[in-house]
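Quick notes on the structure that follows.
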Amino acid sequence: MAEEKLPTRAEDFAEWYNQLVLKADLADYAPVRGCMVVKPYGWALWENITSWLDRAFKETGHVNAAFPTLIPMSFFEKEKEHVEGFSPELAVVTHGGGEKLEEPLVVRPTSETIIGHMYAKWIKSWRDLPVLIVQWGSVLRWEMRTKLFLRTAEFYWHEGHTAHATTEDAMEEMYRILDIYEKFCYEQAAIPVIKGTKSETERFAGAQITTAIEAMMWDKRALQAGTSHYFGQNFARAFDIQYLDQNNTLQYCETTSWAISSRIIGALIMVHGDDQGLQLPPNLAPIQTVLVPIYKNDAEKSAVMEAANRIFTELKAAGIRIKMDAREEVTPGFKFNDWEMRGVPLRIEIGPKDVEKGSVALARRDVPGRDGKSFVPQAGLTGTVERLLADIQASMLKNATAFRDSNIHEPQDYAHLAEIVQNGWAFGWWCGSKECEAKVKEDTKATTRVIPLNQPAGKGKCIVCGSEAHQKVYFARAY
RNA sequence: CGGGGUGUAGCGCAGUGGGCCAGCGCACCGCGUUUGGGACGCGGGGGUCGGCGGUUCAAGUCCGCCCACCCCGACCA
């Protein structure tokens, strides 16, 4: 249950975040360093996220399956870049049944290797392709500094792993998924994202192309909200994933993998949260509207509760995720703050005056104070609530987009870039060299985030070295 | 791993020139009054004082070692 106030975001954003996660009842610290317990409210939110994505993947022909948590250590050594990328963060099981194991087992940090191994066994012919499998589960990476949802040792996600006959098919798959992720962010999470390609430095270990969607948090830092990778034949060659084509020639497959993790919950918090607490988009909120009955004595209580129960039943029947807060041990004022902390988008208050007038009071979470309140008739409330929820969803996206756009700037020169990235994103020309990228990081702590797919026409001068540049990139400090 | 800090009730803390029963606020339980923006009174329950060892008639308090966690720096979804 929520108690007391949060620090304001301006005072201490990191502390605001930490306390909010706990007070909004999303998660708690686990006894194991870096691990979190996702509480029922947080998990309900995650389920709303996963169920939308699951549906979208199934609509595009993907199927779910499960692969083991433990992976033979030797599998990681088969792909050079992959092992280099992941070895520092592996958790390794050395004993089982009281005996030292012949070969250590790795707790999966991601499943390319074991899935590649299985694909090699399953794929024989061009007729077997494409293979479009999604695994829902958790993975473990030994992180140095952790933060609930944003970076925990164990986190939850889906990982899609696909195998294709041709480069075109695999690339198309990578972009198809990126589009699904983008759609999810805009339509469900109300988070505007920029879709693009990662630089070589920022690429996934073992990938040929890494694409991502990047979002701006309230503190203007960037957060990668989802990734989709094209591996070319890297994993296929490492794991011998081969098929016979129509000409009876042995060919290597082209593979992809892609993921959105429970980190997206961190994005929801940092994009939409305010000094009152969490603010959830109606499409994902476990509780879309909370009903708070108000009364002073038994006579009022019976009249109010009768109306409240009627409204509750009606809205619930209409498919609205509604919660009745009939707790008697706390005051209405406490409940208002409590549900605001938890991010419920819309509150319905009903008291003796409303019973008399056949009305209710509505309070929008996204519009604080009196401005967000309205008094509407009980008649037709379902429609009113549905319209308001849709309006809140739209307005959250609109606000987040306006915020993001007002914090992206075009650097005029290198000094300007350094200034911009202290409190925003810089969108500038980049020659593509690692040296320029490293210099920016060294000088400003900002990294290249995405090379957007939508590029302006023409060419310019690299903002760092001044040589000819054919692409523009976003520079920002990132989570 | 480098630097800084903290371990006393679920949370936040006080108590440390050693001395009777280890305390306060919040939370929790009970009863009553309250209830349209974070209510109040009264009465309760709850502790290996991070761990191990040492000094002492006596250790939360002094000494040694260890452990854990947090914050700040280099990697990641």
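Just so we're on the same page: first chain in the structure tokens is A, next is B, and so on; residues restart at 1 for each chain, and ligands are numbered from 1 in the order they show up.
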
Within 10 Å of Met341 (chain A) using only C-alpha atoms (C1' of nucleotides), minus same-chain residues under 4 positions, as a VMD selection string: chain A and resid 1 to 3 5 to 6 20 to 21 23 to 25 273 to 279 335 to 337 365

Counting only C-alpha atoms (C1' of nucleotides), give me one row per residue of chain B with an atom at most 6 Å from an atom of chain A, showing the shortest contact pair and its distance in Å to one decimal, sorted by chain then residue number, as JSON lines.
{"residue": "B:U35", "atom": "C1'", "partner": "A:Thr331", "partner_atom": "CA", "distance": 5.1}
{"residue": "B:G37", "atom": "C1'", "partner": "A:Gly333", "partner_atom": "CA", "distance": 4.5}
{"residue": "B:G38", "atom": "C1'", "partner": "A:Phe334", "partner_atom": "CA", "distance": 4.6}
{"residue": "B:A77", "atom": "C1'", "partner": "A:Ser261", "partner_atom": "CA", "distance": 6.0}

Please produce a file of those selected residues containing all heavy atoms, as an mmCIF file, in the first residue's frame.
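Done, and the output landed in part-v1.cif:
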data_model
loop_
_atom_site.group_PDB
_atom_site.id
_atom_site.type_symbol
_atom_site.label_atom_id
_atom_site.label_comp_id
_atom_site.auth_asym_id
_atom_site.auth_seq_id
_atom_site.Cartn_x
_atom_site.Cartn_y
_atom_site.Cartn_z
ATOM 1 P P U B 35 -16.982 12.455 9.114
ATOM 2 O OP1 U B 35 -17.154 13.914 8.992
ATOM 3 O OP2 U B 35 -18.160 11.577 9.296
ATOM 4 O "O5'" U B 35 -16.169 11.942 7.842
ATOM 5 C "C5'" U B 35 -14.833 12.402 7.603
ATOM 6 C "C4'" U B 35 -14.223 11.540 6.530
ATOM 7 O "O4'" U B 35 -14.231 10.157 6.963
ATOM 8 C "C3'" U B 35 -14.987 11.581 5.210
ATOM 9 O "O3'" U B 35 -14.086 11.503 4.122
ATOM 10 C "C2'" U B 35 -15.822 10.305 5.258
ATOM 11 O "O2'" U B 35 -16.104 9.772 3.981
ATOM 12 C "C1'" U B 35 -14.891 9.364 6.011
ATOM 13 N N1 U B 35 -15.624 8.305 6.704
ATOM 14 C C2 U B 35 -15.328 6.993 6.365
ATOM 15 O O2 U B 35 -14.463 6.693 5.534
ATOM 16 N N3 U B 35 -16.059 6.041 7.005
ATOM 17 C C4 U B 35 -17.038 6.268 7.936
ATOM 18 O O4 U B 35 -17.618 5.302 8.434
ATOM 19 C C5 U B 35 -17.297 7.647 8.251
ATOM 20 C C6 U B 35 -16.599 8.603 7.632
ATOM 21 P P G B 37 -12.043 16.088 -0.128
ATOM 22 O OP1 G B 37 -12.089 16.366 1.337
ATOM 23 O OP2 G B 37 -11.646 17.132 -1.087
ATOM 24 O "O5'" G B 37 -11.118 14.776 -0.363
ATOM 25 C "C5'" G B 37 -10.472 14.152 0.754
ATOM 26 C "C4'" G B 37 -8.977 14.306 0.609
ATOM 27 O "O4'" G B 37 -8.583 13.898 -0.725
ATOM 28 C "C3'" G B 37 -8.459 15.735 0.788
ATOM 29 O "O3'" G B 37 -7.158 15.683 1.347
ATOM 30 C "C2'" G B 37 -8.336 16.255 -0.634
ATOM 31 O "O2'" G B 37 -7.344 17.239 -0.785
ATOM 32 C "C1'" G B 37 -7.933 14.981 -1.370
ATOM 33 N N9 G B 37 -8.309 14.931 -2.769
ATOM 34 C C8 G B 37 -9.471 15.365 -3.354
ATOM 35 N N7 G B 37 -9.487 15.145 -4.644
ATOM 36 C C5 G B 37 -8.252 14.546 -4.923
ATOM 37 C C6 G B 37 -7.711 14.081 -6.133
ATOM 38 O O6 G B 37 -8.209 14.115 -7.266
ATOM 39 N N1 G B 37 -6.454 13.537 -5.960
ATOM 40 C C2 G B 37 -5.808 13.452 -4.755
ATOM 41 N N2 G B 37 -4.614 12.892 -4.784
ATOM 42 N N3 G B 37 -6.298 13.867 -3.603
ATOM 43 C C4 G B 37 -7.525 14.408 -3.772
ATOM 44 P P G B 38 -7.058 15.294 2.944
ATOM 45 O OP1 G B 38 -8.282 15.444 3.750
ATOM 46 O OP2 G B 38 -5.815 15.996 3.296
ATOM 47 O "O5'" G B 38 -6.778 13.741 2.848
ATOM 48 C "C5'" G B 38 -5.654 13.300 2.130
ATOM 49 C "C4'" G B 38 -5.260 11.937 2.597
ATOM 50 O "O4'" G B 38 -4.195 11.454 1.765
ATOM 51 C "C3'" G B 38 -4.762 11.867 4.038
ATOM 52 O "O3'" G B 38 -5.085 10.553 4.495
ATOM 53 C "C2'" G B 38 -3.232 11.959 3.855
ATOM 54 O "O2'" G B 38 -2.545 11.274 4.898
ATOM 55 C "C1'" G B 38 -3.038 11.206 2.552
ATOM 56 N N9 G B 38 -1.897 11.521 1.720
ATOM 57 C C8 G B 38 -1.201 12.679 1.511
ATOM 58 N N7 G B 38 -0.229 12.546 0.631
ATOM 59 C C5 G B 38 -0.305 11.200 0.259
ATOM 60 C C6 G B 38 0.455 10.435 -0.649
ATOM 61 O O6 G B 38 1.401 10.798 -1.359
ATOM 62 N N1 G B 38 0.028 9.126 -0.703
ATOM 63 C C2 G B 38 -1.008 8.607 0.016
ATOM 64 N N2 G B 38 -1.273 7.326 -0.172
ATOM 65 N N3 G B 38 -1.748 9.300 0.862
ATOM 66 C C4 G B 38 -1.330 10.578 0.932
ATOM 67 P P A B 77 22.006 -5.345 -25.291
ATOM 68 O OP1 A B 77 22.282 -6.174 -26.461
ATOM 69 O OP2 A B 77 22.117 -3.897 -25.407
ATOM 70 O "O5'" A B 77 20.554 -5.663 -24.748
ATOM 71 C "C5'" A B 77 19.525 -5.988 -25.658
ATOM 72 C "C4'" A B 77 18.212 -5.596 -25.011
ATOM 73 O "O4'" A B 77 17.973 -6.466 -23.895
ATOM 74 C "C3'" A B 77 18.261 -4.190 -24.467
ATOM 75 O "O3'" A B 77 17.582 -3.301 -25.358
ATOM 76 C "C2'" A B 77 17.587 -4.247 -23.130
ATOM 77 O "O2'" A B 77 16.326 -3.682 -23.174
ATOM 78 C "C1'" A B 77 17.488 -5.730 -22.817
ATOM 79 N N9 A B 77 18.273 -6.004 -21.608
ATOM 80 C C8 A B 77 19.620 -6.197 -21.506
ATOM 81 N N7 A B 77 20.015 -6.412 -20.278
ATOM 82 C C5 A B 77 18.839 -6.340 -19.525
ATOM 83 C C6 A B 77 18.582 -6.457 -18.153
ATOM 84 N N6 A B 77 19.536 -6.694 -17.260
ATOM 85 N N1 A B 77 17.296 -6.326 -17.736
ATOM 86 C C2 A B 77 16.357 -6.079 -18.649
ATOM 87 N N3 A B 77 16.487 -5.947 -19.966
ATOM 88 C C4 A B 77 17.764 -6.087 -20.344
#

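CA of Ala418 (chain A) to CA of Lys439 (chain A) spans 10.8 Å [interatomic distance, one decimal].
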
List as a list in words the protein and nucleic acid residues near G3 (chain B), meaning an atom at most 12 Å away when only C-alpha atoms (C1' of nucleotides) are counted, but skip any in the same chain fewer than 6 places from it. C71, C72 and G73 of chain B

Could you go through region 242-347 of chain A and tell me which residues DSSP, when run on the backbone, assigns to alpha helix (DSSP H), listing them as a tab-separated table (two decimals) with all heavy atoms, in the first residue's frame?
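Result saved to part_38.tsv:
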chain	number	residue	atom	x	y	z
A	263	ARG	N	11.87	-4.79	-19.07
A	263	ARG	CA	12.41	-3.43	-18.99
A	263	ARG	C	11.40	-2.40	-19.52
A	263	ARG	O	11.43	-1.23	-19.09
A	263	ARG	CB	13.67	-3.36	-19.84
A	263	ARG	CG	14.22	-2.01	-19.96
A	263	ARG	CD	15.42	-2.02	-20.86
A	263	ARG	NE	16.60	-1.67	-20.12
A	263	ARG	CZ	17.75	-1.30	-20.68
A	263	ARG	NH1	17.86	-1.31	-21.99
A	263	ARG	NH2	18.77	-0.98	-19.95
A	264	ILE	N	10.55	-2.82	-20.41
A	264	ILE	CA	9.56	-1.90	-20.97
A	264	ILE	C	8.70	-1.29	-19.85
A	264	ILE	O	8.20	-0.17	-19.97
A	264	ILE	CB	8.67	-2.63	-22.02
A	264	ILE	CG1	7.86	-1.64	-22.87
A	264	ILE	CG2	7.73	-3.60	-21.37
A	264	ILE	CD1	8.61	-1.04	-24.02
A	265	ILE	N	8.57	-2.01	-18.75
A	265	ILE	CA	7.82	-1.47	-17.61
A	265	ILE	C	8.56	-0.27	-17.03
A	265	ILE	O	7.95	0.73	-16.65
A	265	ILE	CB	7.58	-2.57	-16.55
A	265	ILE	CG1	6.60	-3.61	-17.13
A	265	ILE	CG2	7.03	-1.96	-15.24
A	265	ILE	CD1	6.35	-4.80	-16.23
A	266	GLY	N	9.87	-0.35	-17.02
A	266	GLY	CA	10.68	0.80	-16.60
A	266	GLY	C	10.44	2.00	-17.50
A	266	GLY	O	10.36	3.14	-17.04
A	267	ALA	N	10.29	1.73	-18.78
A	267	ALA	CA	10.01	2.81	-19.73
A	267	ALA	C	8.65	3.44	-19.46
A	267	ALA	O	8.52	4.67	-19.45
A	267	ALA	CB	10.08	2.28	-21.17
A	268	LEU	N	7.66	2.61	-19.22
A	268	LEU	CA	6.32	3.14	-18.91
A	268	LEU	C	6.38	4.06	-17.69
A	268	LEU	O	5.78	5.13	-17.68
A	268	LEU	CB	5.35	1.99	-18.61
A	268	LEU	CG	4.84	1.20	-19.80
A	268	LEU	CD1	4.14	-0.08	-19.33
A	268	LEU	CD2	3.89	2.04	-20.64
A	269	ILE	N	7.13	3.62	-16.70
A	269	ILE	CA	7.25	4.41	-15.48
A	269	ILE	C	7.94	5.74	-15.76
A	269	ILE	O	7.45	6.80	-15.36
A	269	ILE	CB	8.05	3.63	-14.41
A	269	ILE	CG1	7.31	2.35	-14.02
A	269	ILE	CG2	8.32	4.51	-13.19
A	269	ILE	CD1	8.15	1.38	-13.21
A	270	MET	N	9.05	5.68	-16.48
A	270	MET	CA	9.86	6.89	-16.66
A	270	MET	C	9.34	7.83	-17.74
A	270	MET	O	9.74	8.98	-17.79
A	270	MET	CB	11.30	6.51	-16.95
A	270	MET	CG	12.00	5.93	-15.74
A	270	MET	SD	13.78	5.87	-15.95
A	270	MET	CE	13.91	4.59	-17.17
A	271	VAL	N	8.47	7.33	-18.60
A	271	VAL	CA	7.89	8.22	-19.61
A	271	VAL	C	6.64	8.89	-19.05
A	271	VAL	O	6.45	10.10	-19.23
A	271	VAL	CB	7.53	7.44	-20.90
A	271	VAL	CG1	6.68	8.30	-21.84
A	271	VAL	CG2	8.80	6.99	-21.62
A	272	HIS	N	5.79	8.12	-18.38
A	272	HIS	CA	4.48	8.65	-18.00
A	272	HIS	C	4.33	9.05	-16.54
A	272	HIS	O	3.41	9.78	-16.20
A	272	HIS	CB	3.39	7.61	-18.31
A	272	HIS	CG	3.29	7.24	-19.76
A	272	HIS	ND1	3.13	8.18	-20.74
A	272	HIS	CD2	3.33	6.04	-20.39
A	272	HIS	CE1	3.07	7.57	-21.93
A	272	HIS	NE2	3.20	6.26	-21.73
A	298	ASP	N	-24.44	4.76	8.17
A	298	ASP	CA	-25.02	3.54	7.60
A	298	ASP	C	-26.08	3.80	6.56
A	298	ASP	O	-26.18	3.10	5.56
A	298	ASP	CB	-25.59	2.66	8.72
A	298	ASP	CG	-24.46	1.93	9.45
A	298	ASP	OD1	-23.31	2.00	8.95
A	298	ASP	OD2	-24.71	1.33	10.50
A	299	ALA	N	-26.89	4.84	6.81
A	299	ALA	CA	-27.95	5.15	5.86
A	299	ALA	C	-27.35	5.54	4.51
A	299	ALA	O	-27.75	5.04	3.46
A	299	ALA	CB	-28.82	6.30	6.40
A	300	GLU	N	-26.36	6.43	4.58
A	300	GLU	CA	-25.68	6.85	3.34
A	300	GLU	C	-24.98	5.66	2.70
A	300	GLU	O	-25.01	5.49	1.49
A	300	GLU	CB	-24.66	7.95	3.64
A	300	GLU	CG	-25.31	9.28	3.92
A	300	GLU	CD	-24.26	10.39	4.17
A	300	GLU	OE1	-23.05	10.09	4.13
A	300	GLU	OE2	-24.68	11.53	4.41
A	301	LYS	N	-24.36	4.86	3.55
A	301	LYS	CA	-23.60	3.73	3.04
A	301	LYS	C	-24.47	2.80	2.20
A	301	LYS	O	-24.09	2.40	1.10
A	301	LYS	CB	-22.98	2.94	4.19
A	301	LYS	CG	-22.20	1.71	3.75
A	301	LYS	CD	-21.62	0.95	4.93
A	301	LYS	CE	-20.99	-0.35	4.45
A	301	LYS	NZ	-20.44	-1.14	5.56
A	302	SER	N	-25.66	2.48	2.71
A	302	SER	CA	-26.46	1.51	1.95
A	302	SER	C	-26.92	2.10	0.62
A	302	SER	O	-26.91	1.40	-0.40
A	302	SER	CB	-27.64	1.01	2.79
A	302	SER	OG	-28.50	2.09	3.09
A	303	ALA	N	-27.26	3.39	0.62
A	303	ALA	CA	-27.68	4.01	-0.64
A	303	ALA	C	-26.51	4.11	-1.61
A	303	ALA	O	-26.64	3.79	-2.80
A	303	ALA	CB	-28.26	5.41	-0.37
A	304	VAL	N	-25.35	4.52	-1.11
A	304	VAL	CA	-24.18	4.69	-1.97
A	304	VAL	C	-23.70	3.34	-2.51
A	304	VAL	O	-23.40	3.20	-3.69
A	304	VAL	CB	-23.04	5.41	-1.20
A	304	VAL	CG1	-21.72	5.29	-1.95
A	304	VAL	CG2	-23.39	6.86	-0.97
A	305	MET	N	-23.66	2.35	-1.62
A	305	MET	CA	-23.15	1.05	-2.05
A	305	MET	C	-24.06	0.39	-3.07
A	305	MET	O	-23.59	-0.31	-3.97
A	305	MET	CB	-22.94	0.12	-0.85
A	305	MET	CG	-21.73	0.46	0.00
A	305	MET	SD	-20.19	0.73	-0.94
A	305	MET	CE	-19.89	-0.91	-1.60
A	306	GLU	N	-25.34	0.65	-2.92
A	306	GLU	CA	-26.27	0.07	-3.89
A	306	GLU	C	-25.97	0.63	-5.28
A	306	GLU	O	-25.87	-0.10	-6.26
A	306	GLU	CB	-27.71	0.39	-3.47
A	306	GLU	CG	-28.74	-0.39	-4.26
A	306	GLU	CD	-30.13	0.19	-4.08
A	306	GLU	OE1	-30.47	0.60	-2.95
A	306	GLU	OE2	-30.87	0.25	-5.08
A	307	ALA	N	-25.83	1.95	-5.36
A	307	ALA	CA	-25.52	2.58	-6.64
A	307	ALA	C	-24.14	2.16	-7.14
A	307	ALA	O	-23.95	1.87	-8.32
A	307	ALA	CB	-25.59	4.10	-6.51
A	308	ALA	N	-23.18	2.10	-6.22
A	308	ALA	CA	-21.82	1.73	-6.60
A	308	ALA	C	-21.78	0.32	-7.17
A	308	ALA	O	-21.14	0.07	-8.20
A	308	ALA	CB	-20.89	1.85	-5.39
A	309	ASN	N	-22.48	-0.59	-6.52
A	309	ASN	CA	-22.50	-1.97	-7.00
A	309	ASN	C	-23.13	-2.07	-8.38
A	309	ASN	O	-22.68	-2.84	-9.23
A	309	ASN	CB	-23.25	-2.86	-6.02
A	309	ASN	CG	-22.39	-3.20	-4.80
A	309	ASN	OD1	-21.17	-3.40	-4.91
A	309	ASN	ND2	-23.00	-3.21	-3.62
A	310	ARG	N	-24.16	-1.28	-8.58
A	310	ARG	CA	-24.84	-1.29	-9.88
A	310	ARG	C	-23.88	-0.81	-10.97
A	310	ARG	O	-23.74	-1.42	-12.03
A	310	ARG	CB	-26.10	-0.41	-9.81
A	310	ARG	CG	-26.91	-0.37	-11.09
A	310	ARG	CD	-28.31	0.20	-10.87
A	310	ARG	NE	-28.39	1.28	-9.88
A	310	ARG	CZ	-27.95	2.52	-10.10
A	310	ARG	NH1	-27.40	2.84	-11.26
A	310	ARG	NH2	-28.05	3.44	-9.16
A	311	ILE	N	-23.19	0.29	-10.68
A	311	ILE	CA	-22.24	0.84	-11.65
A	311	ILE	C	-21.10	-0.13	-11.90
A	311	ILE	O	-20.69	-0.37	-13.04
A	311	ILE	CB	-21.69	2.19	-11.12
A	311	ILE	CG1	-22.78	3.25	-11.19
A	311	ILE	CG2	-20.45	2.63	-11.90
A	311	ILE	CD1	-22.47	4.50	-10.40
A	312	PHE	N	-20.60	-0.72	-10.83
A	312	PHE	CA	-19.50	-1.69	-10.95
A	312	PHE	C	-19.88	-2.83	-11.89
A	312	PHE	O	-19.15	-3.18	-12.81
A	312	PHE	CB	-19.15	-2.24	-9.56
A	312	PHE	CG	-18.10	-3.31	-9.58
A	312	PHE	CD1	-16.75	-2.97	-9.65
A	312	PHE	CD2	-18.45	-4.65	-9.54
A	312	PHE	CE1	-15.78	-3.96	-9.69
A	312	PHE	CE2	-17.49	-5.65	-9.58
A	312	PHE	CZ	-16.14	-5.30	-9.66
A	313	THR	N	-21.06	-3.40	-11.65
A	313	THR	CA	-21.52	-4.53	-12.45
A	313	THR	C	-21.68	-4.14	-13.92
A	313	THR	O	-21.28	-4.89	-14.81
A	313	THR	CB	-22.88	-5.03	-11.90
A	313	THR	OG1	-22.73	-5.25	-10.50
A	313	THR	CG2	-23.30	-6.31	-12.58
A	314	GLU	N	-22.21	-2.95	-14.11
A	314	GLU	CA	-22.46	-2.50	-15.48
A	314	GLU	C	-21.15	-2.31	-16.26
A	314	GLU	O	-21.00	-2.78	-17.39
A	314	GLU	CB	-23.23	-1.17	-15.42
A	314	GLU	CG	-23.60	-0.61	-16.78
A	314	GLU	CD	-24.18	0.81	-16.65
A	314	GLU	OE1	-24.96	1.05	-15.70
A	314	GLU	OE2	-23.82	1.66	-17.49
A	315	LEU	N	-20.19	-1.63	-15.63
A	315	LEU	CA	-18.93	-1.37	-16.33
A	315	LEU	C	-18.12	-2.64	-16.54
A	315	LEU	O	-17.49	-2.83	-17.57
A	315	LEU	CB	-18.10	-0.33	-15.57
A	315	LEU	CG	-18.68	1.07	-15.41
A	315	LEU	CD1	-17.59	2.07	-15.08
A	315	LEU	CD2	-19.45	1.52	-16.63
A	316	LYS	N	-18.17	-3.50	-15.54
A	316	LYS	CA	-17.44	-4.76	-15.65
A	316	LYS	C	-18.01	-5.59	-16.80
A	316	LYS	O	-17.27	-6.17	-17.58
A	316	LYS	CB	-17.56	-5.53	-14.34
A	316	LYS	CG	-16.59	-6.69	-14.20
A	316	LYS	CD	-16.74	-7.32	-12.83
A	316	LYS	CE	-16.13	-8.71	-12.78
A	316	LYS	NZ	-14.67	-8.69	-12.85
A	317	ALA	N	-19.33	-5.60	-16.89
A	317	ALA	CA	-19.99	-6.36	-17.96
A	317	ALA	C	-19.61	-5.80	-19.33
A	317	ALA	O	-19.57	-6.53	-20.32
A	317	ALA	CB	-21.50	-6.34	-17.77
A	332	PRO	N	-11.51	8.24	1.99
A	332	PRO	CA	-11.51	8.44	0.54
A	332	PRO	C	-10.27	9.19	0.06
A	332	PRO	O	-9.68	8.83	-0.95
A	332	PRO	CB	-12.77	9.27	0.30
A	332	PRO	CG	-13.67	8.88	1.41
A	332	PRO	CD	-12.78	8.66	2.59
A	333	GLY	N	-9.88	10.20	0.82
A	333	GLY	CA	-8.70	10.98	0.43
A	333	GLY	C	-7.47	10.10	0.30
A	333	GLY	O	-6.66	10.25	-0.62
A	334	PHE	N	-7.33	9.17	1.21
A	334	PHE	CA	-6.20	8.24	1.15
A	334	PHE	C	-6.29	7.40	-0.13
A	334	PHE	O	-5.31	7.18	-0.83
A	334	PHE	CB	-6.21	7.33	2.38
A	334	PHE	CG	-5.07	6.36	2.41
A	334	PHE	CD1	-3.88	6.68	3.03
A	334	PHE	CD2	-5.19	5.13	1.77
A	334	PHE	CE1	-2.82	5.78	3.02
A	334	PHE	CE2	-4.14	4.23	1.76
A	334	PHE	CZ	-2.96	4.56	2.39
A	335	LYS	N	-7.50	6.93	-0.41
A	335	LYS	CA	-7.68	6.09	-1.61
A	335	LYS	C	-7.33	6.86	-2.88
A	335	LYS	O	-6.72	6.30	-3.80
A	335	LYS	CB	-9.13	5.61	-1.70
A	335	LYS	CG	-9.52	4.66	-0.58
A	335	LYS	CD	-10.98	4.26	-0.69
A	335	LYS	CE	-11.40	3.42	0.51
A	335	LYS	NZ	-12.84	3.08	0.47
A	336	PHE	N	-7.69	8.12	-2.94
A	336	PHE	CA	-7.37	8.92	-4.13
A	336	PHE	C	-5.87	8.91	-4.38
A	336	PHE	O	-5.40	8.65	-5.49
A	336	PHE	CB	-7.84	10.38	-3.96
A	336	PHE	CG	-9.33	10.54	-3.77
A	336	PHE	CD1	-9.85	11.76	-3.35
A	336	PHE	CD2	-10.21	9.49	-4.01
A	336	PHE	CE1	-11.21	11.92	-3.17
A	336	PHE	CE2	-11.58	9.65	-3.82
A	336	PHE	CZ	-12.08	10.86	-3.40
A	337	ASN	N	-5.14	9.19	-3.31
A	337	ASN	CA	-3.68	9.23	-3.45
A	337	ASN	C	-3.09	7.86	-3.75
A	337	ASN	O	-2.15	7.74	-4.52
A	337	ASN	CB	-3.05	9.80	-2.18
A	337	ASN	CG	-3.31	11.28	-2.07
A	337	ASN	OD1	-2.72	12.07	-2.79
A	337	ASN	ND2	-4.23	11.67	-1.21
A	338	ASP	N	-3.68	6.87	-3.11
A	338	ASP	CA	-3.20	5.50	-3.27
A	338	ASP	C	-3.32	5.05	-4.73
A	338	ASP	O	-2.37	4.54	-5.33
A	338	ASP	CB	-4.03	4.59	-2.36
A	338	ASP	CG	-3.42	3.21	-2.22
A	338	ASP	OD1	-2.20	3.07	-2.46
A	338	ASP	OD2	-4.15	2.27	-1.87
A	339	TRP	N	-4.47	5.28	-5.34
A	339	TRP	CA	-4.68	4.83	-6.73
A	339	TRP	C	-3.95	5.69	-7.72
A	339	TRP	O	-3.59	5.24	-8.81
A	339	TRP	CB	-6.17	4.71	-7.03
A	339	TRP	CG	-6.78	3.61	-6.21
A	339	TRP	CD1	-7.67	3.75	-5.18
A	339	TRP	CD2	-6.49	2.21	-6.30
A	339	TRP	NE1	-7.96	2.52	-4.63
A	339	TRP	CE2	-7.25	1.56	-5.30
A	339	TRP	CE3	-5.66	1.44	-7.12
A	339	TRP	CZ2	-7.20	0.17	-5.10
A	339	TRP	CZ3	-5.62	0.06	-6.93
A	339	TRP	CH2	-6.38	-0.55	-5.93
A	340	GLU	N	-3.74	6.94	-7.35
A	340	GLU	CA	-2.91	7.79	-8.22
A	340	GLU	C	-1.48	7.29	-8.21
A	340	GLU	O	-0.81	7.25	-9.24
A	340	GLU	CB	-2.99	9.26	-7.78
A	340	GLU	CG	-4.27	9.91	-8.28
A	340	GLU	CD	-4.57	11.27	-7.67
A	340	GLU	OE1	-3.70	11.85	-7.01
A	340	GLU	OE2	-5.71	11.73	-7.87
A	341	MET	N	-1.01	6.90	-7.05
A	341	MET	CA	0.34	6.34	-6.95
A	341	MET	C	0.47	5.12	-7.86
A	341	MET	O	1.48	4.90	-8.50
A	341	MET	CB	0.63	5.94	-5.50
A	341	MET	CG	2.01	5.40	-5.26
A	341	MET	SD	3.30	6.63	-5.39
A	341	MET	CE	3.15	7.46	-3.80

Region 51-55 of chain B environment, 12 Å, only C-alpha atoms (C1' of nucleotides), sequence neighbours closer than 2 positions dropped, as a PyMOL selection string: chain B and resi 7+18+48+58-59+62-68

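Going from C1' of G10 (chain B) to CA of Pro7 (chain A) covers 21.6 Å.
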